[in-house]
file my_file12.txt (compact mmCIF, C-alpha atoms)
# COMPACT_ATOMS: atom_id res chain seq x y z
CA MET A 1 0.10 -16.91 -42.02
CA GLY A 2 3.31 -16.92 -39.95
CA PRO A 3 3.86 -17.40 -36.24
CA ILE A 4 2.50 -14.81 -33.84
CA THR A 5 5.12 -13.22 -31.63
CA LYS A 6 4.93 -11.12 -28.48
CA LEU A 7 7.01 -7.94 -28.65
CA SER A 8 8.28 -8.54 -25.14
CA GLU A 9 10.40 -5.39 -24.94
CA ARG A 10 7.19 -3.34 -25.02
CA PHE A 11 5.45 -4.75 -21.97
CA THR A 12 5.89 -6.54 -18.70
CA GLU A 13 3.41 -9.05 -17.34
CA ALA A 14 2.46 -10.82 -14.14
CA ALA A 15 0.20 -13.78 -13.43
CA ILE A 16 -1.90 -13.10 -10.33
CA ASP A 17 -4.41 -15.79 -9.43
CA ASP A 18 -6.03 -16.74 -12.75
CA GLU A 19 -5.49 -13.32 -14.31
CA ILE A 20 -2.65 -11.99 -16.41
CA VAL A 21 -1.91 -8.33 -15.81
CA ILE A 22 0.09 -6.59 -18.53
CA MET A 23 1.70 -3.18 -18.34
CA ARG A 24 2.81 -1.26 -21.43
CA VAL A 25 6.31 -0.04 -20.67
CA ASP A 26 5.93 3.14 -22.76
CA THR A 27 2.73 4.41 -21.15
CA GLY A 28 2.50 2.59 -17.82
CA GLU A 29 -1.04 1.55 -18.78
CA PHE A 30 -2.30 -1.67 -17.17
CA PHE A 31 -4.79 -4.14 -18.51
CA SER A 32 -6.01 -7.48 -17.26
CA LEU A 33 -6.69 -10.65 -19.21
CA THR A 34 -9.03 -13.34 -17.94
CA GLY A 35 -10.72 -16.42 -19.37
CA THR A 36 -10.15 -17.09 -23.09
CA ALA A 37 -8.15 -13.86 -23.47
CA ALA A 38 -5.68 -15.08 -20.85
CA ALA A 39 -5.59 -18.54 -22.45
CA THR A 40 -4.91 -17.01 -25.88
CA TRP A 41 -2.13 -14.85 -24.47
CA ARG A 42 -0.51 -17.88 -22.81
CA LEU A 43 -0.58 -19.80 -26.09
CA ILE A 44 1.26 -17.08 -28.03
CA ASP A 45 4.78 -18.47 -27.95
CA GLY A 46 6.42 -17.17 -31.13
CA HIS A 47 5.86 -20.53 -32.86
CA ARG A 48 2.10 -20.93 -33.17
CA ASN A 49 0.30 -19.21 -36.02
CA ARG A 50 -3.37 -18.23 -35.98
CA ALA A 51 -4.59 -21.65 -37.16
CA VAL A 52 -2.61 -23.57 -34.52
CA LEU A 53 -3.70 -21.08 -31.87
CA LEU A 54 -7.36 -21.55 -32.79
CA SER A 55 -6.98 -25.31 -32.78
CA ALA A 56 -5.39 -25.27 -29.31
CA LEU A 57 -8.15 -23.03 -27.96
CA THR A 58 -10.80 -25.21 -29.53
CA ASP A 59 -9.31 -28.23 -27.75
CA GLU A 60 -8.96 -26.38 -24.43
CA TYR A 61 -12.53 -25.07 -24.39
CA SER A 62 -14.18 -27.92 -26.35
CA ALA A 63 -15.63 -25.20 -28.53
CA ASP A 64 -16.50 -24.90 -32.19
CA GLU A 65 -13.61 -23.19 -33.99
CA THR A 66 -15.85 -20.93 -36.03
CA ALA A 67 -17.60 -19.81 -32.84
CA ILE A 68 -14.41 -18.53 -31.22
CA ALA A 69 -12.50 -17.40 -34.32
CA ALA A 70 -14.12 -13.96 -34.48
CA ASP A 71 -13.37 -13.24 -30.81
CA VAL A 72 -9.79 -14.45 -31.11
CA ASP A 73 -9.22 -12.39 -34.27
CA GLU A 74 -10.60 -9.29 -32.57
CA PHE A 75 -8.39 -9.86 -29.52
CA LEU A 76 -5.27 -10.41 -31.66
CA ALA A 77 -6.08 -7.26 -33.63
CA GLN A 78 -6.38 -5.25 -30.41
CA LEU A 79 -3.03 -6.54 -29.15
CA LYS A 80 -1.41 -5.77 -32.50
CA GLU A 81 -2.87 -2.27 -32.50
CA MET A 82 -1.41 -1.74 -29.03
CA GLY A 83 1.97 -2.71 -30.42
CA LEU A 84 2.31 -5.88 -28.33
CA LEU A 85 2.22 -8.48 -31.11
CA ALA A 86 3.79 -9.10 -34.51
CA GLY A 87 2.93 -11.65 -37.18
CA CYS A 88 -0.85 -11.68 -37.07
CA MET B 1 8.76 -11.64 22.81
CA ALA B 2 12.12 -10.77 21.25
CA LYS B 3 12.13 -7.90 18.81
CA THR B 4 12.64 -8.66 15.14
CA THR B 5 15.71 -7.59 13.21
CA ALA B 6 13.61 -4.94 11.44
CA GLU B 7 12.32 -3.52 14.74
CA LEU B 8 15.83 -3.30 16.17
CA MET B 9 17.09 -1.68 12.98
CA MET B 10 14.34 0.96 13.07
CA GLU B 11 14.99 1.67 16.75
CA ALA B 12 18.66 2.30 16.01
CA GLU B 13 18.11 4.28 12.81
CA THR B 14 15.46 6.59 14.33
CA LEU B 15 17.46 7.71 17.36
CA VAL B 16 17.19 11.50 17.55
CA SER B 17 19.86 14.01 18.45
CA TYR B 18 19.92 17.79 18.04
CA GLY B 19 22.61 19.69 16.19
CA ALA B 20 23.73 21.25 12.95
CA VAL B 21 22.26 19.85 9.74
CA PRO B 22 22.79 20.71 6.06
CA ASP B 23 20.16 22.91 4.41
CA ARG B 24 20.12 20.65 1.35
CA ILE B 25 21.53 17.31 0.22
CA LEU B 26 20.79 17.78 -3.47
CA ASP B 27 21.60 20.80 -5.65
CA ASP B 28 18.25 22.56 -5.30
CA ALA B 29 17.14 24.56 -2.25
CA LEU B 30 14.62 22.78 -0.02
CA PRO B 31 11.28 24.63 0.43
CA ASP B 32 9.06 24.29 3.53
CA MET B 33 7.27 20.95 3.90
CA SER B 34 9.36 19.13 1.36
CA TRP B 35 12.16 16.57 1.33
CA GLN B 36 15.22 15.37 -0.52
CA MET B 37 16.59 11.84 -0.56
CA SER B 38 19.86 10.36 -1.73
CA ARG B 39 21.13 6.82 -1.34
CA GLU B 40 22.49 7.44 2.16
CA GLU B 41 20.68 10.57 3.36
CA PHE B 42 17.24 12.06 3.82
CA LEU B 43 16.46 15.67 4.63
CA PHE B 44 13.03 17.04 5.53
CA ARG B 45 12.18 20.68 6.13
CA GLY B 46 9.12 21.42 8.24
CA ILE B 47 7.95 25.00 8.45
CA GLY B 48 10.71 27.61 8.60
CA ASP B 49 14.05 26.76 10.14
CA HIS B 50 13.11 23.24 11.21
CA LEU B 51 15.15 20.52 9.57
CA PHE B 52 15.40 16.74 10.04
CA HIS B 53 18.46 15.04 8.65
CA TYR B 54 18.89 11.27 8.50
CA ARG B 55 22.07 9.53 7.49
CA ARG B 56 22.13 5.75 7.24
CA GLY B 57 23.77 4.30 10.32
CA LYS B 58 23.87 7.68 12.11
CA GLY B 59 20.23 8.25 13.08
CA ILE B 60 18.32 11.53 12.89
CA THR B 61 19.69 14.97 13.62
CA VAL B 62 17.12 17.72 14.21
CA HIS B 63 17.78 21.43 13.84
CA ARG B 64 15.01 23.42 15.53
CA GLY B 65 15.44 27.12 14.75
CA ALA B 66 14.00 29.97 16.79
CA ASP B 67 10.85 30.19 14.65
CA ALA B 68 10.20 26.45 14.61
CA ASP B 69 7.13 24.99 16.31
CA ALA B 70 8.13 22.19 18.67
CA ALA B 71 4.55 20.86 18.74
CA ASP B 72 4.84 19.74 15.14
CA GLU B 73 8.15 17.98 15.61
CA SER B 74 6.86 14.58 16.65
CA LEU B 75 4.33 14.62 13.79
CA TRP B 76 7.11 15.03 11.24
CA LEU B 77 9.47 12.63 12.97
CA ASN B 78 6.78 9.94 13.07
CA GLY B 79 5.44 10.83 9.64
CA SER B 80 7.68 11.57 6.67
CA VAL B 81 10.97 11.00 8.48
CA TYR B 82 10.04 7.58 9.89
CA ALA B 83 8.53 6.45 6.58
CA ALA B 84 11.62 7.60 4.68
CA ILE B 85 13.98 5.73 7.01
CA ALA B 86 11.85 2.59 6.76
CA SER B 87 11.85 2.84 2.95
CA MET B 88 15.60 3.46 2.74
CA ASN B 89 16.19 0.34 4.83
CA GLY B 90 14.11 -2.11 2.82
CA LEU B 91 10.76 -1.80 4.60
CA LEU B 92 7.46 -0.80 3.00
CA PRO B 93 5.34 1.85 4.75
CA ILE B 94 1.73 1.88 3.63
CA HIS B 95 -1.15 4.25 4.40
CA ALA B 96 -3.27 2.13 6.73
CA SER B 97 -4.57 1.81 10.28
CA ALA B 98 -4.79 -1.64 11.81
CA VAL B 99 -6.02 -3.83 14.62
CA ALA B 100 -4.53 -7.11 15.78
CA THR B 101 -6.19 -10.27 16.95
CA GLY B 102 -5.36 -13.96 17.02
CA GLY B 103 -1.70 -13.20 16.42
CA SER B 104 -2.18 -11.39 13.12
CA VAL B 105 -2.91 -7.93 11.76
CA PHE B 106 -5.97 -6.65 9.88
CA ALA B 107 -5.25 -3.34 8.22
CA PHE B 108 -7.69 -0.79 6.80
CA SER B 109 -6.52 1.48 3.99
CA GLY B 110 -8.14 4.38 2.20
CA PRO B 111 -7.59 8.02 1.36
CA THR B 112 -7.25 10.68 4.03
CA GLY B 113 -10.69 11.28 5.51
CA SER B 114 -12.02 7.82 4.66
CA GLY B 115 -12.34 6.89 8.33
CA LYS B 116 -9.41 4.53 8.96
CA SER B 117 -8.55 5.91 12.41
CA THR B 118 -12.18 6.22 13.49
CA LEU B 119 -12.86 2.62 12.48
CA VAL B 120 -9.88 1.12 14.31
CA ALA B 121 -10.71 3.24 17.38
CA ALA B 122 -14.28 1.91 17.32
CA LEU B 123 -13.02 -1.65 16.86
CA GLY B 124 -11.01 -1.05 20.01
CA SER B 125 -14.29 -0.42 21.82
CA ARG B 126 -15.35 -3.88 20.62
CA GLY B 127 -12.33 -5.63 22.05
CA LEU B 128 -9.87 -5.45 19.16
CA PRO B 129 -6.52 -3.89 20.19
CA LEU B 130 -4.93 -1.21 18.04
CA PHE B 131 -1.90 -2.23 16.02
CA CYS B 132 -1.13 1.06 14.25
CA ASP B 133 -2.68 4.33 13.17
CA ASP B 134 -2.22 5.92 9.75
CA THR B 135 1.02 4.20 8.73
CA LEU B 136 1.67 0.46 8.71
CA VAL B 137 5.28 -0.59 8.14
CA LEU B 138 5.73 -3.94 6.41
CA ASP B 139 8.81 -6.17 6.46
CA LEU B 140 8.86 -8.14 3.20
CA SER B 141 12.08 -10.05 3.85
CA ASP B 142 10.47 -13.38 4.81
CA PRO B 143 9.13 -15.02 1.63
CA ASP B 144 6.58 -17.01 3.63
CA ARG B 145 4.85 -14.15 5.41
CA ILE B 146 4.71 -10.38 5.53
CA MET B 147 5.48 -9.06 8.99
CA CYS B 148 4.04 -5.82 10.35
CA LEU B 149 6.08 -3.61 12.64
CA PRO B 150 4.11 -2.37 15.65
CA GLY B 151 2.70 1.13 15.35
CA HIS B 152 4.97 4.06 16.07
CA LYS B 153 2.29 6.78 16.12
CA ARG B 154 -0.29 7.62 18.75
CA LEU B 155 -3.90 7.26 17.69
CA LYS B 156 -5.28 10.60 16.45
CA LEU B 157 -8.94 11.39 15.85
CA THR B 158 -10.94 14.42 14.75
CA SER B 159 -13.20 15.89 17.43
CA GLU B 160 -16.33 14.53 15.75
CA ALA B 161 -14.87 11.00 15.62
CA PHE B 162 -14.67 10.64 19.41
CA ASP B 163 -18.43 10.26 19.83
CA LEU B 164 -18.60 7.76 17.01
CA ALA B 165 -15.73 5.64 18.28
CA ALA B 166 -16.72 5.96 21.96
CA VAL B 167 -13.24 6.91 23.16
CA THR B 168 -12.06 9.79 25.32
CA PRO B 169 -10.01 12.64 23.84
CA GLN B 170 -6.59 13.46 25.21
CA GLU B 171 -4.54 16.55 24.34
CA ARG B 172 -4.79 18.37 21.01
CA VAL B 173 -2.26 17.15 18.43
CA SER B 174 -1.18 20.64 17.35
CA PRO B 175 -2.72 24.12 17.30
CA GLU B 176 -3.14 23.97 13.51
CA LEU B 177 -4.76 20.54 13.42
CA ASP B 178 -8.33 19.71 14.49
CA LYS B 179 -7.22 16.36 15.87
CA PHE B 180 -6.77 15.01 19.36
CA TYR B 181 -4.83 12.06 20.68
CA ALA B 182 -6.85 9.10 21.91
CA VAL B 183 -6.18 6.07 24.09
CA PRO B 184 -7.30 2.89 22.32
CA ALA B 185 -10.07 1.22 24.35
CA SER B 186 -8.51 -2.26 24.12
CA GLY B 187 -4.90 -1.12 24.31
CA GLU B 188 -2.18 -1.54 21.73
CA VAL B 189 -0.20 -4.51 20.47
CA GLY B 190 3.50 -3.75 20.63
CA VAL B 191 5.06 -6.76 18.93
CA ALA B 192 5.64 -7.55 15.27
CA LEU B 193 2.92 -9.75 13.77
CA PRO B 194 2.14 -11.21 10.33
CA LEU B 195 -0.30 -9.37 8.08
CA ALA B 196 -3.57 -11.26 7.64
CA GLU B 197 -5.46 -8.90 5.34
CA LEU B 198 -5.48 -5.44 3.85
CA ILE B 199 -9.01 -4.04 3.60
CA PHE B 200 -9.74 -0.99 1.45
CA LEU B 201 -12.47 1.37 2.63
CA GLU B 202 -15.06 2.45 0.08
CA GLU B 203 -18.28 4.41 0.39
CA GLY B 204 -21.56 2.84 -0.70
CA SER B 205 -25.08 2.28 0.54
CA ASP B 206 -25.01 -1.53 0.50
CA PRO B 207 -22.42 -2.65 3.07
CA SER B 208 -20.21 -5.66 2.35
CA ILE B 209 -16.65 -6.95 2.58
CA THR B 210 -15.63 -8.83 -0.56
CA PRO B 211 -12.29 -10.17 -1.84
CA LEU B 212 -10.43 -8.27 -4.57
CA SER B 213 -9.35 -9.99 -7.78
CA GLY B 214 -5.68 -10.17 -8.76
CA SER B 215 -5.68 -7.08 -10.98
CA GLU B 216 -7.80 -5.17 -8.46
CA ARG B 217 -5.22 -5.93 -5.79
CA LEU B 218 -2.42 -4.69 -8.02
CA MET B 219 -4.30 -1.46 -8.75
CA ARG B 220 -5.27 -0.88 -5.12
CA ILE B 221 -1.79 -1.35 -3.67
CA GLN B 222 -0.73 1.68 -5.71
CA ASP B 223 -1.10 4.77 -3.63
CA ASP B 224 -0.43 8.47 -4.00
CA HIS B 225 0.16 8.91 -0.27
CA TYR B 226 3.52 10.38 0.75
CA THR B 227 4.63 6.99 2.10
CA ALA B 228 4.39 5.48 -1.40
CA GLN B 229 6.35 8.38 -2.90
CA LEU B 230 9.11 7.95 -0.32
CA PHE B 231 9.27 4.21 -0.97
CA ALA B 232 9.41 4.68 -4.76
CA THR B 233 12.22 7.23 -4.42
CA ALA B 234 14.18 5.08 -1.99
CA ARG B 235 13.96 2.01 -4.20
CA GLN B 236 14.57 4.00 -7.41
CA PHE B 237 12.19 1.78 -9.34
CA ASP B 238 11.66 2.35 -13.02
CA ARG B 239 8.19 1.59 -14.39
CA ALA B 240 8.90 -2.11 -14.87
CA GLY B 241 10.49 -2.41 -11.44
CA MET B 242 7.48 -0.78 -9.79
CA PHE B 243 5.17 -3.14 -11.69
CA THR B 244 7.15 -6.15 -10.44
CA HIS B 245 6.96 -4.83 -6.88
CA LEU B 246 3.21 -4.18 -7.11
CA SER B 247 2.48 -7.56 -8.65
CA ASN B 248 4.48 -9.30 -5.90
CA MET B 249 2.43 -7.44 -3.29
CA ALA B 250 -0.77 -8.36 -5.12
CA ARG B 251 0.24 -12.04 -5.03
CA ARG B 252 1.31 -12.04 -1.40
CA ILE B 253 -1.32 -9.95 0.36
CA LYS B 254 -4.94 -10.95 0.84
CA MET B 255 -7.01 -7.86 0.05
CA SER B 256 -10.67 -6.99 0.27
CA ARG B 257 -12.94 -4.01 -0.29
CA PHE B 258 -15.15 -2.83 2.53
CA VAL B 259 -18.11 -0.93 1.16
CA ARG B 260 -20.00 0.96 3.84
CA SER B 261 -22.07 4.05 4.34
CA MET B 262 -20.33 7.15 5.66
CA ALA B 263 -23.57 8.33 7.32
CA ARG B 264 -23.12 8.79 11.07
CA SER B 265 -26.41 6.97 11.66
CA ARG B 266 -24.94 3.83 10.06
CA PHE B 267 -21.52 3.94 11.67
CA ASN B 268 -22.24 1.22 14.24
CA GLU B 269 -23.48 -1.06 11.48
CA SER B 270 -20.13 -0.61 9.67
CA VAL B 271 -18.15 -1.33 12.80
CA GLU B 272 -20.16 -4.48 13.49
CA ILE B 273 -19.50 -5.73 9.96
CA ALA B 274 -15.77 -5.05 10.28
CA ALA B 275 -15.57 -6.65 13.74
CA HIS B 276 -17.47 -9.72 12.54
CA HIS B 277 -15.20 -10.03 9.51
CA VAL B 278 -12.00 -9.74 11.54
CA ASN B 279 -13.16 -12.10 14.29
CA ASN B 280 -14.29 -14.70 11.77
CA SER B 281 -11.11 -14.47 9.70
CA VAL B 282 -8.80 -15.46 12.53
CA ASP B 283 -7.30 -18.90 11.98
call {"tool": "encode", "arguments": {"input": "my_file12.txt", "output": "structure tokens"}}
result
Amino acid sequence: MGPITKLSERFTEAAIDDEIVIMRVDTGEFFSLTGTAAATWRLIDGHRNRAVLLSALTDEYSADETAIAADVDEFLAQLKEMGLLAGC
Amino acid sequence: MAKTTAELMMEAETLVSYGAVPDRILDDALPDMSWQMSREEFLFRGIGDHLFHYRRGKGITVHRGADADAADESLWLNGSVYAAIASMNGLLPIHASAVATGGSVFAFSGPTGSGKSTLVAALGSRGLPLFCDDTLVLDLSDPDRIMCLPGHKRLKLTSEAFDLAAVTPQERVSPELDKFYAVPASGEVGVALPLAELIFLEEGSDPSITPLSGSERLMRIQDDHYTAQLFATARQFDRAGMFTHLSNMARRIKMSRFVRSMARSRFNESVEIAAHHVNNSVD
């Protein structure tokens, strides 16, 4: 599986405290990422693929990879469905 | 204390003279109670032949026709016209009433009818001087602190709010409006001060003042009040530009929610909570 890339022309984002707030440019809709969702978003850099992303999150949260994989996959799928990501 | 650059600018830009004004500054005709704004000009029409024209660097020109009601003039000058001039000159007017203590400003925001004016009037009866009523003008130019310009409007309360706030009514604001002017019990602060906190009023049975998270602050600083519409028009933000502005405000301003009952029987309890919060937040 190839690298996961943010489609940066479709959104704008701001870090406020420990949250990331993202606004879709086409709709003006806001959503907020916290915790592992925010960490996952920060790790998406256009170079990491799913496996590297999972490994980095596993290290950061000292978690079992299989335990977080389902949540990460669901989150990536949601972002892709919203048109914010490519490559996953 | 010397006035700030922003205060001096607003004093100069809001000087009023009377004379001829255009009936529009854009292509379309201007209906009653509406406004037009261009880069250099602002035009507001009150009711009938009553127009307020601002041109950057030239102040305000008022045309008061024969059918115009002079009693409403100061309301419009201090309302839409003042907020438009502030917005066109880089300041941010927000819908809030505020008190000042310890050299800083605590502002209360909420929709019309949420009790902002009544609360700050009641806080005056507990020793906290008024800073502004209804509109708070912010100067964002200093990256280290947000300065508040002293209030430019007289405190106005509904007749039923006077008993609650324990202040004495003055003259009626206008024949059409069930509001009366009031003298703040602890006086007013007339110098620019830094903003300490913006507190949003909410209704609920379990009273508390709690901090807002980052995204909550960003959502709350959005407003559909006319001041926000004037600011957005003056700055000509696109969606991304507005988001950047809102997120900067969310980062820079400490914000809380104040949940309290709107029942008259619990009003004093709400005021005590607010007074305690403000007095204990002073550095």
call {"tool": "interface_residues", "arguments": {"input": "my_file12.txt", "of": "chain B", "to": "chain A", "cutoff": "7 Å", "atoms": "all atoms listed in the file", "output": "count of residues only"}}
result
6
call {"tool": "residues_around", "arguments": {"input": "my_file12.txt", "residues": "Gly46 of chain A", "least_positions_apart": "3", "cutoff": "10 Å", "atoms": "only C-alpha atoms", "output": "VMD selection string"}}
result
chain A and resid 2 to 7 43 49 85 to 87
call {"tool": "closest_residue", "arguments": {"input": "my_file12.txt", "among": "A:Glu29, A:Ala77, A:Ala56, A:Cys88", "to": "Arg42 of chain A", "atoms": "all atoms listed in the file"}}
result
A:Ala56
call {"tool": "residues_near_point", "arguments": {"input": "my_file12.txt", "point": "(-13.9, 13.5, 24.0)", "cutoff": "12 Å", "atoms": "all atoms listed in the file", "output": "VMD selection string"}}
result
chain B and resid 156 to 172 179 to 183
call {"tool": "atom_distance", "arguments": {"input": "my_file12.txt", "atom1": "atom CA of Asp49 of chain B", "atom2": "atom CA of Asp67 of chain B"}}
result
6.5 Å
call {"tool": "atom_distance", "arguments": {"input": "my_file12.txt", "atom1": "atom CA of Ile146 of chain B", "atom2": "atom CA of Glu202 of chain B"}}
result
24.2 Å
call {"tool": "atom_distance", "arguments": {"input": "my_file12.txt", "atom1": "atom CA of Met82 of chain A", "atom2": "atom CA of Asp45 of chain A"}}
result
17.9 Å
call {"tool": "residues_around", "arguments": {"input": "my_file12.txt", "residues": "Met249 of chain B", "least_positions_apart": "4", "cutoff": "9 Å", "atoms": "all atoms listed in the file", "output": "PyMOL selection string"}}
result
chain B and resi 217-218+221+244-245+253
call {"tool": "residues_around", "arguments": {"input": "my_file12.txt", "residues": "Ala51 of chain A", "least_positions_apart": "3", "cutoff": "10 Å", "atoms": "only C-alpha atoms", "output": "PyMOL selection string"}}
result
chain A and resi 1-3+48+54-57+65+69
call {"tool": "residues_around", "arguments": {"input": "my_file12.txt", "residues": "Glu216 of chain B", "least_positions_apart": "3", "cutoff": "10 Å", "atoms": "only C-alpha atoms", "output": "PyMOL selection string"}}
result
(chain A and resi 21+32) or (chain B and resi 211-213+219-221+250+255-257)
call {"tool": "write_last_selection", "arguments": {"input": "my_file12.txt", "atoms": "C-alpha atoms", "output": "tab-separated table (two decimals), in the coordinates of the input"}}
result
chain	number	residue	atom	x	y	z
A	21	VAL	CA	-1.91	-8.33	-15.81
A	32	SER	CA	-6.01	-7.48	-17.26
B	211	PRO	CA	-12.29	-10.17	-1.84
B	212	LEU	CA	-10.43	-8.27	-4.57
B	213	SER	CA	-9.35	-9.99	-7.78
B	219	MET	CA	-4.30	-1.46	-8.75
B	220	ARG	CA	-5.27	-0.88	-5.12
B	221	ILE	CA	-1.79	-1.35	-3.67
B	250	ALA	CA	-0.77	-8.36	-5.12
B	255	MET	CA	-7.01	-7.86	0.05
B	256	SER	CA	-10.67	-6.99	0.27
B	257	ARG	CA	-12.94	-4.01	-0.29
call {"tool": "closest_residue", "arguments": {"input": "my_file12.txt", "among": "B:Phe131, B:Tyr226, B:Phe108, B:Phe243", "to": "Leu201 of chain B", "atoms": "all atoms listed in the file"}}
result
B:Phe108
call {"tool": "residues_around", "arguments": {"input": "my_file12.txt", "residues": "segment 272-277 of chain B", "least_positions_apart": "2", "cutoff": "8 Å", "atoms": "all atoms listed in the file", "output": "compact mmCIF listing (two decimals) with C-alpha atoms, in the coordinates of the input"}}
result
# COMPACT_ATOMS: atom_id res chain seq x y z
CA LEU B 123 -13.02 -1.65 16.86
CA ARG B 126 -15.35 -3.88 20.62
CA LEU B 128 -9.87 -5.45 19.16
CA SER B 208 -20.21 -5.66 2.35
CA ILE B 209 -16.65 -6.95 2.58
CA ASN B 268 -22.24 1.22 14.24
CA GLU B 269 -23.48 -1.06 11.48
CA SER B 270 -20.13 -0.61 9.67
CA ASN B 279 -13.16 -12.10 14.29
CA ASN B 280 -14.29 -14.70 11.77
CA SER B 281 -11.11 -14.47 9.70
